[in-house]
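First comes the structure, then the notes that go with it.
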Amino acid sequence: MIKLFTINTMRTTEEFNDYIKLLEENVYDGVEIFYPYQASKEDFDTYANNVKRIQPLCKEMVLHLPFGLENDLCNL
């Protein structure tokens, strides 16, 4: 069984730092993330950078993202 938790788009960098610890300590195996539709450019960039930081620690990542190059959150 894989244990995941959800990270919504309103989470801060400090909260992501806490999530990284949970993944490093194997409390959880992965995350579910959502696309930041309503975010400003600055908030979008911060969220995308935090997602990139957490991605290598996840055994599984569920993405609720729109399709298309202009909406690519993981390969910026």
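Residue numbering restarts at 1 in every chain; chains get A, B, ... in the order shown in the structure tokens, and ligands count up from 1 in that same order.
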Would you please extract all alpha helix (DSSP H) residues from region 2-57 of chain A, as assigned by DSSP on the backbone, and give them as an MDAnalysis selection string? chainID A and resid 13:24 41:54
Name all residues at most 10 Å from region 52-62 of chain A (count only C-alpha atoms; drop same-chain ones fewer than 2 positions away) and give them as a ChimeraX atom specification. /A:2-6,16-17,19-24,26,28-34,46-50,64-65,73-76
DSSP strand (DSSP E or B) residues within chain A, as number ranges by chain: A: 4-7, 30-34, 60-64
Using only C-alpha atoms, find the one residue out of A:Lys41, A:Glu25, A:Val51, A:Leu63 that sits nearest to Arg11 (chain A).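 Comparing A:Lys41, A:Glu25, A:Val51, A:Leu63 against Arg11 (chain A), the winner is A:Val51.
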Just want the 10 Å neighbourhood of Met10 (chain A), counted on only C-alpha atoms, with same-chain residues fewer than 4 positions away dropped. Output as a list in words.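 Once the nearby chain positions are removed, what remains is Glu15, Phe34, Pro36, Gln38, Ala39, Asp43 and Tyr47 of chain A.
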